[in-house]
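So this one's upload_23.pdb, PDB, C-alpha atoms and all ligand atoms:
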ATOM      1  CA  MET A   1     -13.090 135.495  29.317  1.00  0.00           C
ATOM      2  CA  CYS A   2     -12.701 135.874  33.101  1.00  0.00           C
ATOM      3  CA  TYR A   3     -11.467 139.216  34.433  1.00  0.00           C
ATOM      4  CA  ASN A   4     -11.718 138.134  38.063  1.00  0.00           C
ATOM      5  CA  MET A   5      -8.178 137.974  39.450  1.00  0.00           C
ATOM      6  CA  PRO A   6      -8.773 137.438  43.176  1.00  0.00           C
ATOM      7  CA  ASP A   7      -5.080 137.507  44.109  1.00  0.00           C
ATOM      8  CA  MET A   8      -4.806 141.042  42.708  1.00  0.00           C
ATOM      9  CA  LYS A   9      -7.485 142.430  45.007  1.00  0.00           C
ATOM     10  CA  ARG A  10      -6.418 144.956  47.626  1.00  0.00           C
ATOM     11  CA  MET A  11      -6.754 143.526  51.131  1.00  0.00           C
ATOM     12  CA  MET A  12      -9.117 145.279  53.542  1.00  0.00           C
ATOM     13  CA  ILE A  13      -8.808 144.211  57.165  1.00  0.00           C
ATOM     14  CA  VAL A  14     -11.757 145.155  59.384  1.00  0.00           C
ATOM     15  CA  THR A  15     -11.867 144.671  63.148  1.00  0.00           C
ATOM     16  CA  ALA A  16     -15.347 144.493  64.635  1.00  0.00           C
ATOM     17  CA  GLY A  17     -17.268 143.913  67.834  1.00  0.00           C
ATOM     18  CA  PRO A  18     -16.078 143.981  71.426  1.00  0.00           C
ATOM     19  CA  THR A  19     -13.151 142.169  72.963  1.00  0.00           C
ATOM     20  CA  ARG A  20     -13.485 140.162  76.155  1.00  0.00           C
ATOM     21  CA  GLU A  21     -10.787 140.286  78.788  1.00  0.00           C
ATOM     22  CA  HIS A  22     -11.186 137.274  81.014  1.00  0.00           C
ATOM     23  CA  LEU A  23     -10.218 137.160  84.665  1.00  0.00           C
ATOM     24  CA  ASP A  24     -11.218 133.503  84.863  1.00  0.00           C
ATOM     25  CA  PRO A  25     -13.031 131.086  82.495  1.00  0.00           C
ATOM     26  CA  VAL A  26     -16.485 132.495  83.323  1.00  0.00           C
ATOM     27  CA  ARG A  27     -15.856 136.198  84.058  1.00  0.00           C
ATOM     28  CA  PHE A  28     -14.658 138.972  81.783  1.00  0.00           C
ATOM     29  CA  LEU A  29     -14.512 142.730  81.155  1.00  0.00           C
ATOM     30  CA  SER A  30     -16.192 143.872  77.940  1.00  0.00           C
ATOM     31  CA  ASN A  31     -18.550 146.458  76.410  1.00  0.00           C
ATOM     32  CA  PRO A  32     -21.900 146.524  74.539  1.00  0.00           C
ATOM     33  CA  SER A  33     -20.507 146.619  70.967  1.00  0.00           C
ATOM     34  CA  THR A  34     -22.558 144.385  68.632  1.00  0.00           C
ATOM     35  CA  GLY A  35     -20.240 144.539  65.608  1.00  0.00           C
ATOM     36  CA  LYS A  36     -22.918 145.946  63.276  1.00  0.00           C
ATOM     37  CA  MET A  37     -20.813 148.815  61.898  1.00  0.00           C
ATOM     38  CA  GLY A  38     -17.795 146.584  61.235  1.00  0.00           C
ATOM     39  CA  PHE A  39     -19.838 143.832  59.593  1.00  0.00           C
ATOM     40  CA  ALA A  40     -21.566 146.440  57.395  1.00  0.00           C
ATOM     41  CA  LEU A  41     -18.124 147.744  56.380  1.00  0.00           C
ATOM     42  CA  ALA A  42     -16.887 144.240  55.592  1.00  0.00           C
ATOM     43  CA  ALA A  43     -19.945 143.650  53.376  1.00  0.00           C
ATOM     44  CA  ALA A  44     -19.502 147.010  51.634  1.00  0.00           C
ATOM     45  CA  GLY A  45     -15.780 146.340  51.095  1.00  0.00           C
ATOM     46  CA  ALA A  46     -16.447 142.927  49.536  1.00  0.00           C
ATOM     47  CA  ALA A  47     -19.153 144.416  47.300  1.00  0.00           C
ATOM     48  CA  ALA A  48     -16.627 147.048  46.150  1.00  0.00           C
ATOM     49  CA  GLY A  49     -14.091 144.356  45.162  1.00  0.00           C
ATOM     50  CA  PHE A  50     -11.729 144.335  48.173  1.00  0.00           C
ATOM     51  CA  ASP A  51     -10.302 141.097  49.584  1.00  0.00           C
ATOM     52  CA  VAL A  52     -11.975 141.571  52.966  1.00  0.00           C
ATOM     53  CA  ARG A  53     -10.638 139.931  56.132  1.00  0.00           C
ATOM     54  CA  LEU A  54     -12.863 140.415  59.152  1.00  0.00           C
ATOM     55  CA  VAL A  55     -11.387 140.003  62.629  1.00  0.00           C
ATOM     56  CA  ALA A  56     -14.375 139.702  64.945  1.00  0.00           C
ATOM     57  CA  GLY A  57     -14.788 139.651  68.689  1.00  0.00           C
ATOM     58  CA  PRO A  58     -17.684 137.674  70.215  1.00  0.00           C
ATOM     59  CA  VAL A  59     -20.784 138.838  68.272  1.00  0.00           C
ATOM     60  CA  ALA A  60     -24.020 137.232  67.049  1.00  0.00           C
ATOM     61  CA  LEU A  61     -23.799 138.193  63.367  1.00  0.00           C
ATOM     62  CA  ALA A  62     -23.478 136.128  60.178  1.00  0.00           C
ATOM     63  CA  THR A  63     -20.341 136.536  58.074  1.00  0.00           C
ATOM     64  CA  PRO A  64     -21.086 138.750  55.033  1.00  0.00           C
ATOM     65  CA  LYS A  65     -20.836 137.107  51.595  1.00  0.00           C
ATOM     66  CA  GLY A  66     -17.335 136.935  50.180  1.00  0.00           C
ATOM     67  CA  VAL A  67     -15.654 137.855  53.490  1.00  0.00           C
ATOM     68  CA  LYS A  68     -13.017 135.732  55.261  1.00  0.00           C
ATOM     69  CA  ARG A  69     -13.485 135.839  59.021  1.00  0.00           C
ATOM     70  CA  THR A  70     -11.218 135.183  61.992  1.00  0.00           C
ATOM     71  CA  ASP A  71     -12.864 135.008  65.416  1.00  0.00           C
ATOM     72  CA  ILE A  72     -10.932 136.175  68.432  1.00  0.00           C
ATOM     73  CA  VAL A  73     -11.786 136.893  72.072  1.00  0.00           C
ATOM     74  CA  SER A  74      -9.223 139.268  73.586  1.00  0.00           C
ATOM     75  CA  ALA A  75      -7.449 142.430  72.402  1.00  0.00           C
ATOM     76  CA  ARG A  76      -4.112 140.632  72.309  1.00  0.00           C
ATOM     77  CA  GLU A  77      -5.595 137.899  70.103  1.00  0.00           C
ATOM     78  CA  MET A  78      -7.034 140.609  67.837  1.00  0.00           C
ATOM     79  CA  LEU A  79      -3.599 142.210  67.478  1.00  0.00           C
ATOM     80  CA  VAL A  80      -1.968 138.849  66.619  1.00  0.00           C
ATOM     81  CA  ALA A  81      -4.676 138.154  63.990  1.00  0.00           C
ATOM     82  CA  VAL A  82      -4.326 141.609  62.386  1.00  0.00           C
ATOM     83  CA  ARG A  83      -0.521 141.336  62.238  1.00  0.00           C
ATOM     84  CA  ALA A  84      -0.752 137.878  60.609  1.00  0.00           C
ATOM     85  CA  LEU A  85      -3.167 139.212  57.966  1.00  0.00           C
ATOM     86  CA  LEU A  86      -0.935 142.212  57.219  1.00  0.00           C
ATOM     87  CA  ARG A  87       1.918 139.811  56.477  1.00  0.00           C
ATOM     88  CA  GLU A  88      -0.314 138.079  53.902  1.00  0.00           C
ATOM     89  CA  ALA A  89      -1.061 141.280  51.951  1.00  0.00           C
ATOM     90  CA  THR A  90      -0.121 141.260  48.273  1.00  0.00           C
ATOM     91  CA  ASP A  91       3.234 142.940  47.556  1.00  0.00           C
ATOM     92  CA  GLY A  92       2.838 146.438  46.154  1.00  0.00           C
ATOM     93  CA  LEU A  93      -0.837 146.739  47.121  1.00  0.00           C
ATOM     94  CA  LYS A  94      -0.929 148.563  50.449  1.00  0.00           C
ATOM     95  CA  PRO A  95      -3.695 147.016  52.551  1.00  0.00           C
ATOM     96  CA  VAL A  96      -6.507 149.023  54.091  1.00  0.00           C
ATOM     97  CA  PHE A  97      -7.102 148.602  57.810  1.00  0.00           C
ATOM     98  CA  ILE A  98     -10.416 149.783  59.269  1.00  0.00           C
ATOM     99  CA  ALA A  99     -10.616 149.508  63.042  1.00  0.00           C
ATOM    100  CA  THR A 100     -14.241 149.548  64.173  1.00  0.00           C
ATOM    101  CA  ALA A 101     -13.743 147.186  67.107  1.00  0.00           C
ATOM    102  CA  ALA A 102     -14.508 148.460  70.596  1.00  0.00           C
ATOM    103  CA  VAL A 103     -11.276 147.106  72.041  1.00  0.00           C
ATOM    104  CA  ALA A 104     -11.130 146.870  75.835  1.00  0.00           C
ATOM    105  CA  ASP A 105      -8.456 149.329  76.986  1.00  0.00           C
ATOM    106  CA  TRP A 106      -7.536 147.246  80.057  1.00  0.00           C
ATOM    107  CA  ARG A 107      -7.303 143.582  80.939  1.00  0.00           C
ATOM    108  CA  PRO A 108      -6.934 141.779  84.252  1.00  0.00           C
ATOM    109  CA  ALA A 109      -3.250 141.389  85.136  1.00  0.00           C
ATOM    110  CA  ARG A 110      -3.808 137.692  85.843  1.00  0.00           C
ATOM    111  CA  ILE A 111      -6.149 135.200  84.171  1.00  0.00           C
ATOM    112  CA  ALA A 112      -7.014 132.348  86.521  1.00  0.00           C
ATOM    113  CA  ALA A 113      -7.191 128.920  84.875  1.00  0.00           C
ATOM    114  CA  HIS A 114     -10.073 127.879  87.134  1.00  0.00           C
ATOM    115  CA  LYS A 115     -13.257 129.676  88.195  1.00  0.00           C
ATOM    116  CA  LEU A 116     -12.270 131.897  91.084  1.00  0.00           C
ATOM    117  CA  LYS A 117     -14.041 131.197  94.344  1.00  0.00           C
ATOM    118  CA  LYS A 118     -15.612 134.234  96.028  1.00  0.00           C
ATOM    119  CA  ALA A 119     -13.181 133.759  98.899  1.00  0.00           C
ATOM    120  CA  GLU A 120     -10.256 134.030  96.472  1.00  0.00           C
ATOM    121  CA  MET A 121     -11.422 137.455  95.222  1.00  0.00           C
ATOM    122  CA  SER A 122     -10.377 140.484  97.218  1.00  0.00           C
ATOM    123  CA  GLY A 123     -12.718 143.106  95.715  1.00  0.00           C
ATOM    124  CA  THR A 124      -9.791 144.743  93.939  1.00  0.00           C
ATOM    125  CA  LEU A 125      -9.031 143.878  90.332  1.00  0.00           C
ATOM    126  CA  HIS A 126      -5.507 144.611  89.160  1.00  0.00           C
ATOM    127  CA  LEU A 127      -5.600 145.782  85.516  1.00  0.00           C
ATOM    128  CA  VAL A 128      -2.929 146.323  82.864  1.00  0.00           C
ATOM    129  CA  ARG A 129      -3.196 148.272  79.593  1.00  0.00           C
ATOM    130  CA  ASN A 130      -4.017 146.475  76.364  1.00  0.00           C
ATOM    131  CA  PRO A 131      -2.070 147.281  73.210  1.00  0.00           C
ATOM    132  CA  ASP A 132      -3.585 149.924  70.915  1.00  0.00           C
ATOM    133  CA  ILE A 133      -4.009 147.805  67.769  1.00  0.00           C
ATOM    134  CA  LEU A 134      -4.750 150.656  65.388  1.00  0.00           C
ATOM    135  CA  LYS A 135      -1.829 152.747  66.654  1.00  0.00           C
ATOM    136  CA  SER A 136       0.702 149.924  66.683  1.00  0.00           C
ATOM    137  CA  VAL A 137       0.289 148.539  63.152  1.00  0.00           C
ATOM    138  CA  HIS A 138       2.135 150.041  60.185  1.00  0.00           C
ATOM    139  CA  GLY A 139       2.197 149.562  56.436  1.00  0.00           C
ATOM    140  CA  ALA A 140      -1.545 150.013  55.897  1.00  0.00           C
ATOM    141  CA  VAL A 141      -3.904 152.826  54.983  1.00  0.00           C
ATOM    142  CA  LYS A 142      -5.569 153.162  58.382  1.00  0.00           C
ATOM    143  CA  VAL A 143      -9.114 154.318  59.178  1.00  0.00           C
ATOM    144  CA  GLY A 144     -10.320 154.614  62.765  1.00  0.00           C
ATOM    145  CA  PHE A 145     -13.539 155.198  64.634  1.00  0.00           C
ATOM    146  CA  ALA A 146     -14.004 157.524  67.570  1.00  0.00           C
ATOM    147  CA  ALA A 147     -17.105 157.091  69.708  1.00  0.00           C
ATOM    148  CA  GLU A 148     -17.200 160.119  71.965  1.00  0.00           C
ATOM    149  CA  THR A 149     -19.507 161.703  74.502  1.00  0.00           C
ATOM    150  CA  ASP A 150     -17.949 165.191  74.560  1.00  0.00           C
ATOM    151  CA  ARG A 151     -15.446 167.343  72.607  1.00  0.00           C
ATOM    152  CA  VAL A 152     -16.253 164.902  69.765  1.00  0.00           C
ATOM    153  CA  LEU A 153     -14.372 166.535  66.879  1.00  0.00           C
ATOM    154  CA  ALA A 154     -11.363 167.686  68.935  1.00  0.00           C
ATOM    155  CA  GLU A 155     -10.886 164.182  70.382  1.00  0.00           C
ATOM    156  CA  ALA A 156     -11.323 162.604  66.937  1.00  0.00           C
ATOM    157  CA  ALA A 157      -8.753 164.967  65.395  1.00  0.00           C
ATOM    158  CA  ARG A 158      -6.247 164.142  68.155  1.00  0.00           C
ATOM    159  CA  LYS A 159      -6.709 160.378  67.608  1.00  0.00           C
ATOM    160  CA  CYS A 160      -6.432 160.811  63.828  1.00  0.00           C
ATOM    161  CA  ARG A 161      -3.019 162.473  64.279  1.00  0.00           C
ATOM    162  CA  GLU A 162      -1.762 160.202  67.072  1.00  0.00           C
ATOM    163  CA  LYS A 163      -2.644 156.972  65.242  1.00  0.00           C
ATOM    164  CA  LYS A 164      -1.501 158.312  61.824  1.00  0.00           C
ATOM    165  CA  LEU A 165      -4.838 157.676  60.105  1.00  0.00           C
ATOM    166  CA  ALA A 166      -6.056 158.518  56.599  1.00  0.00           C
ATOM    167  CA  PHE A 167      -9.209 159.702  58.386  1.00  0.00           C
ATOM    168  CA  ILE A 168     -11.289 158.961  61.456  1.00  0.00           C
ATOM    169  CA  VAL A 169     -15.031 158.446  61.678  1.00  0.00           C
ATOM    170  CA  ALA A 170     -16.361 160.335  64.681  1.00  0.00           C
ATOM    171  CA  ASN A 171     -19.713 159.902  66.298  1.00  0.00           C
ATOM    172  CA  ASP A 172     -21.391 161.384  69.335  1.00  0.00           C
ATOM    173  CA  ILE A 173     -22.762 158.321  71.096  1.00  0.00           C
ATOM    174  CA  THR A 174     -25.034 160.432  73.330  1.00  0.00           C
ATOM    175  CA  LYS A 175     -27.221 161.421  70.318  1.00  0.00           C
ATOM    176  CA  PRO A 176     -30.308 159.332  69.443  1.00  0.00           C
ATOM    177  CA  GLY A 177     -29.804 156.759  66.636  1.00  0.00           C
ATOM    178  CA  THR A 178     -26.028 156.555  67.029  1.00  0.00           C
ATOM    179  CA  GLY A 179     -23.582 154.263  68.751  1.00  0.00           C
ATOM    180  CA  PHE A 180     -23.701 150.758  70.187  1.00  0.00           C
ATOM    181  CA  GLY A 181     -26.298 148.341  68.798  1.00  0.00           C
ATOM    182  CA  THR A 182     -28.343 150.832  66.733  1.00  0.00           C
ATOM    183  CA  GLU A 183     -29.188 150.272  63.043  1.00  0.00           C
ATOM    184  CA  THR A 184     -28.297 153.878  62.227  1.00  0.00           C
ATOM    185  CA  ASN A 185     -25.363 156.197  62.735  1.00  0.00           C
ATOM    186  CA  ARG A 186     -24.626 159.900  62.352  1.00  0.00           C
ATOM    187  CA  VAL A 187     -20.940 160.430  61.705  1.00  0.00           C
ATOM    188  CA  THR A 188     -18.434 163.127  60.817  1.00  0.00           C
ATOM    189  CA  LEU A 189     -15.238 162.233  58.956  1.00  0.00           C
ATOM    190  CA  VAL A 190     -12.172 164.047  60.308  1.00  0.00           C
ATOM    191  CA  PHE A 191      -9.055 164.226  58.106  1.00  0.00           C
ATOM    192  CA  PRO A 192      -5.456 164.845  59.273  1.00  0.00           C
ATOM    193  CA  ASP A 193      -5.455 168.365  57.768  1.00  0.00           C
ATOM    194  CA  GLY A 194      -8.407 169.261  60.009  1.00  0.00           C
ATOM    195  CA  ARG A 195     -11.021 169.041  57.241  1.00  0.00           C
ATOM    196  CA  THR A 196     -14.348 167.627  58.453  1.00  0.00           C
ATOM    197  CA  VAL A 197     -17.260 166.166  56.488  1.00  0.00           C
ATOM    198  CA  ALA A 198     -20.535 165.695  58.395  1.00  0.00           C
ATOM    199  CA  TRP A 199     -23.024 163.151  57.095  1.00  0.00           C
ATOM    200  CA  PRO A 200     -26.732 163.052  58.088  1.00  0.00           C
ATOM    201  CA  LEU A 201     -28.302 160.193  60.094  1.00  0.00           C
ATOM    202  CA  MET A 202     -28.187 157.081  57.882  1.00  0.00           C
ATOM    203  CA  THR A 203     -28.350 153.315  58.219  1.00  0.00           C
ATOM    204  CA  LYS A 204     -25.026 151.712  59.144  1.00  0.00           C
ATOM    205  CA  ARG A 205     -25.112 149.948  55.750  1.00  0.00           C
ATOM    206  CA  ARG A 206     -25.292 153.311  53.976  1.00  0.00           C
ATOM    207  CA  VAL A 207     -22.549 154.800  56.189  1.00  0.00           C
ATOM    208  CA  ALA A 208     -20.403 151.755  55.375  1.00  0.00           C
ATOM    209  CA  THR A 209     -20.884 152.112  51.612  1.00  0.00           C
ATOM    210  CA  ARG A 210     -19.931 155.795  51.781  1.00  0.00           C
ATOM    211  CA  ILE A 211     -16.853 155.098  53.919  1.00  0.00           C
ATOM    212  CA  VAL A 212     -15.674 152.438  51.442  1.00  0.00           C
ATOM    213  CA  ARG A 213     -16.232 154.892  48.575  1.00  0.00           C
ATOM    214  CA  THR A 214     -14.197 157.535  50.455  1.00  0.00           C
ATOM    215  CA  ILE A 215     -11.379 154.991  50.923  1.00  0.00           C
ATOM    216  CA  ALA A 216     -11.471 153.966  47.249  1.00  0.00           C
ATOM    217  CA  ASP A 217     -11.062 157.659  46.332  1.00  0.00           C
ATOM    218  CA  LEU A 218      -7.940 158.081  48.526  1.00  0.00           C
ATOM    219  CA  GLU A 219      -4.541 158.129  46.880  1.00  0.00           C
ATOM    220  CA  MET A 220      -2.866 154.929  48.116  1.00  0.00           C
TER
HETATM  221  O1  LIG B   1      -8.400 155.733  71.523  1.00  0.00           O
HETATM  222  P1  LIG B   1      -9.714 155.127  71.188  1.00  0.00           P
HETATM  223  O2  LIG B   1      -9.941 153.788  71.822  1.00  0.00           O
HETATM  224  O3  LIG B   1     -10.910 155.999  71.349  1.00  0.00           O
HETATM  225  O4  LIG B   1      -9.570 154.890  69.596  1.00  0.00           O
HETATM  226  C1  LIG B   1     -10.600 154.347  68.867  1.00  0.00           C
HETATM  227  C2  LIG B   1     -10.033 153.709  67.622  1.00  0.00           C
HETATM  228  O5  LIG B   1      -8.867 152.944  67.894  1.00  0.00           O
HETATM  229  C3  LIG B   1     -11.006 152.740  67.019  1.00  0.00           C
HETATM  230  O6  LIG B   1     -10.790 152.727  65.630  1.00  0.00           O
HETATM  231  C4  LIG B   1     -10.615 151.424  67.685  1.00  0.00           C
HETATM  232  O7  LIG B   1     -11.027 150.303  66.925  1.00  0.00           O
HETATM  233  C5  LIG B   1      -9.113 151.547  67.749  1.00  0.00           C
HETATM  234  N1  LIG B   1      -8.499 150.870  68.899  1.00  0.00           N
HETATM  235  C6  LIG B   1      -7.654 149.777  68.711  1.00  0.00           C
HETATM  236  N2  LIG B   1      -7.053 149.187  69.790  1.00  0.00           N
HETATM  237  C7  LIG B   1      -7.269 149.636  71.040  1.00  0.00           C
HETATM  238  C8  LIG B   1      -8.119 150.740  71.256  1.00  0.00           C
HETATM  239  C9  LIG B   1      -8.710 151.332  70.162  1.00  0.00           C
HETATM  240  O8  LIG B   1      -7.466 149.352  67.557  1.00  0.00           O
HETATM  241  N3  LIG B   1      -6.681 149.039  72.065  1.00  0.00           N
END
How does this structure look as C-alpha cells?
Amino acid sequence: MCYNMPDMKRMMIVTAGPTREHLDPVRFLSNPSTGKMGFALAAAGAAAGFDVRLVAGPVALATPKGVKRTDIVSAREMLVAVRALLREATDGLKPVFIATAAVADWRPARIAAHKLKKAEMSGTLHLVRNPDILKSVHGAVKVGFAAETDRVLAEAARKCREKKLAFIVANDITKPGTGFGTETNRVTLVFPDGRTVAWPLMTKRRVATRIVRTIADLEM
C-alpha cells in the first residue's frame, strides 16, 4: 500500500540568494549572498516531508532533491513568484514561508533597455524602494532571517514583530564562521514573546534541519 499523498503535503516556500536590480542589461545592484542557507533549508524541508518551493535569485547551486524551483532576478519578480505559489497552497493547510533571500532594498528608478554609454550616466543613480516581500505576504506561517552587525537581538525582535513572524533567525555577520558564503552559521532564534534560543556554531545544513524541526513543532 502507498501512504505517499503528495497533494496533502504542507507547502513550504523558501526564498534564497541575492536579487539583482538592473540599471541596464549589463549593470546591476546586488549583494554577496550565495543562497547556501536557503538551499539547505529547502533540502531539509523536503527531507521532512514538506512540498518545498524554492524561489532563487542568481546563484550557482544545484536544486536539492524533491524541491521545485523558480528562478528570478529582481525583488519584484521574487514577490510575484511568492504570491503565485501562495495561491497554489492546499486549502486548509497553511503554507510555511521562510525568507532567507538577501533582497536588495533599493532598485534603480529606471532600467535602460540598452547598455548605457558613459556619457549618458551622470554619476548620480536615482533609487526607489523595493517591496518588503516577507512583510507584505499574508496567510502563511512566516519565518525570517536577520543578518545584523550591531544590536543583533534588538533589531531581530523588532523585525519579528513588524513582519508578524512565527520567529526570526538572527545572526551577527561580523563573527567568524557566520554570514554570506560560509559553510557554517551561529544563530539565535527570536520569538514574538521575546524568548530567545541561542544555538552554537554549526554547519548550515545542521542549522537548517533544526529550523525545520522548530517549524514542525509550531502550532499551525
Ligand atoms: O528588514 P530586513 O531586510 O533586515 O529583513 C530581513 C528579512 O526580511 C529576511 O528574512 C529577508 O529575506 C526578508 N526581506 C524580504 N524582502 C525585502 C527585504 C527583506 O523578504 N525587501
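For the choices A:Leu93, A:Leu86, A:Thr196, A:Ala40, the atom-to-atom distance to Glu219 (chain A) is smallest for A:Leu93 when using all atoms listed in the file.
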I'd like a table as CSV: residues in chain A with an atom no more than 8 Å from ligand LIG 1 (chain B), each row giving the shortest atom pair and its distance in Å to one decimal, all atoms listed in the file counted, sorted by chain and rising residue number.
residue,atom,partner,partner_atom,distance
A:Thr15,CA,B:LIG1,O7,6.8
A:Ala16,CA,B:LIG1,O7,7.6
A:Ala75,CA,B:LIG1,N3,6.7
A:Ile98,CA,B:LIG1,O6,7.0
A:Ala99,CA,B:LIG1,O7,4.0
A:Thr100,CA,B:LIG1,O7,4.3
A:Ala101,CA,B:LIG1,O7,4.1
A:Ala102,CA,B:LIG1,O7,5.4
A:Val103,CA,B:LIG1,C7,4.8
A:Ala104,CA,B:LIG1,N3,6.2
A:Asp105,CA,B:LIG1,N3,5.2
A:Asn130,CA,B:LIG1,N3,5.7
A:Pro131,CA,B:LIG1,N3,5.1
A:Asp132,CA,B:LIG1,N3,3.4
A:Ile133,CA,B:LIG1,O8,3.8
A:Leu134,CA,B:LIG1,O8,3.7
A:Lys135,CA,B:LIG1,O8,6.6
A:Val143,CA,B:LIG1,O6,6.9
A:Gly144,CA,B:LIG1,O6,3.5
A:Phe145,CA,B:LIG1,O6,3.8
A:Ala146,CA,B:LIG1,C1,4.8
A:Ala147,CA,B:LIG1,O3,6.5
A:Glu148,CA,B:LIG1,O3,7.5
A:Ala156,CA,B:LIG1,O3,8.0
A:Lys159,CA,B:LIG1,O1,6.3
A:Lys163,CA,B:LIG1,O5,7.9
A:Ile168,CA,B:LIG1,O6,7.5
Problem - Nearest to Pro25 (chain A), chosen from A:Leu85, A:Ala43, A:Val169, A:Ala113, with only C-alpha atoms counted in the distances - result: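 Between A:Leu85, A:Ala43, A:Val169, A:Ala113, the residue approaching Pro25 (chain A) most closely is A:Ala113.
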Problem - Interatomic distance (Å, one decimal) between CA of Thr174 (chain A) and CA of Thr19 (chain A) - result: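 About the pair CA of Thr174 (chain A) and CA of Thr19 (chain A): they are 21.8 Å apart.
Residues having any atom no farther than 8 Å from (-20.9, 152.1, 56.5) (counting all atoms listed in the file) are Met37, Gly38, Ala40, Leu41, Ala44, Thr203, Lys204, Arg205, Arg206, Val207, Ala208, Thr209, Arg210, Ile211 and Val212 of chain A.
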Problem - Expansion of the PyMOL selection byres (((chain A and resi 157) around 8) and not hetatm) into residues, as a PyMOL selection string - result: chain A and resi 153-156+158-161+168+190-192+194
Handout entry: Residues selected by the PyMOL selection byres (((chain A and resi 107) around 8) and not hetatm), written as a PyMOL selection string
Key = chain A and resi 21-23+29+104-106+108-109+127-130
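A straight line drawn from CA of Ser136 (chain A) to CA of Pro95 (chain A) is 15.1 Å long.
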Problem - For CA of Pro58 (chain A) and CA of Lys118 (chain A), the interatomic separation in Å (one decimal) - result: 26.1 Å
Problem - Residues matched by the PyMOL selection byres (((chain A and resi 50) around 6) and not hetatm) as a VMD selection string - result: chain A and resid 9 to 11 45 to 46 48 to 49 51 to 52
Exercise for the section: Could you check which of A:Ala166, A:Ala47, A:Val55, A:His114 is closest to Asp217 (chain A), using only C-alpha atoms? Expected result: A:Ala166
Exercise for the section: Fewer than 3 positions away in the same chain doesn't count, so skip those; otherwise give me all residues within 12 Å of Thr178 (chain A), counting all atoms listed in the file, as JSON, numbers by chain. Expected result: {"A": [36, 37, 147, 148, 149, 170, 171, 172, 173, 174, 175, 181, 182, 183, 184, 185, 186, 187, 188, 200, 201, 202, 203, 204, 207]}
Since the input is missing atoms for region 75-87 of chain A, could you rebuild it with N, CA, C and O atoms and give the result as a compact mmCIF listing (two decimals), in the frame of the given file?
# COMPACT_ATOMS: atom_id res chain seq x y z
N ALA A 75 -8.16 141.41 73.18
CA ALA A 75 -7.45 142.43 72.40
C ALA A 75 -6.12 141.89 71.90
O ALA A 75 -5.72 142.14 70.75
N ARG A 76 -5.42 141.14 72.74
CA ARG A 76 -4.11 140.63 72.31
C ARG A 76 -4.27 139.63 71.18
O ARG A 76 -3.47 139.60 70.24
N GLU A 77 -5.34 138.82 71.22
CA GLU A 77 -5.60 137.90 70.10
C GLU A 77 -5.94 138.68 68.84
O GLU A 77 -5.56 138.30 67.73
N MET A 78 -6.67 139.79 69.01
CA MET A 78 -7.03 140.61 67.84
C MET A 78 -5.78 141.18 67.19
O MET A 78 -5.63 141.17 65.96
N LEU A 79 -4.85 141.65 68.01
CA LEU A 79 -3.60 142.21 67.48
C LEU A 79 -2.80 141.14 66.72
O LEU A 79 -2.31 141.40 65.61
N VAL A 80 -2.71 139.94 67.28
CA VAL A 80 -1.97 138.85 66.62
C VAL A 80 -2.62 138.54 65.26
O VAL A 80 -1.94 138.38 64.24
N ALA A 81 -3.96 138.49 65.23
CA ALA A 81 -4.68 138.15 63.99
C ALA A 81 -4.45 139.24 62.93
O ALA A 81 -4.20 138.94 61.77
N VAL A 82 -4.51 140.50 63.34
CA VAL A 82 -4.33 141.61 62.39
C VAL A 82 -2.90 141.58 61.82
O VAL A 82 -2.70 141.71 60.61
N ARG A 83 -1.92 141.37 62.70
CA ARG A 83 -0.52 141.34 62.24
C ARG A 83 -0.31 140.21 61.24
O ARG A 83 0.37 140.38 60.23
N ALA A 84 -0.90 139.02 61.51
CA ALA A 84 -0.75 137.88 60.61
C ALA A 84 -1.37 138.20 59.25
O ALA A 84 -0.79 137.88 58.20
N LEU A 85 -2.52 138.87 59.24
CA LEU A 85 -3.17 139.21 57.97
C LEU A 85 -2.34 140.23 57.19
O LEU A 85 -2.20 140.13 55.98
N LEU A 86 -1.76 141.20 57.90
CA LEU A 86 -0.94 142.21 57.22
C LEU A 86 0.25 141.57 56.50
O LEU A 86 0.64 142.01 55.43
N ARG A 87 0.79 140.50 57.10
CA ARG A 87 1.92 139.81 56.48
C ARG A 87 1.50 139.10 55.19
O ARG A 87 2.32 138.83 54.34
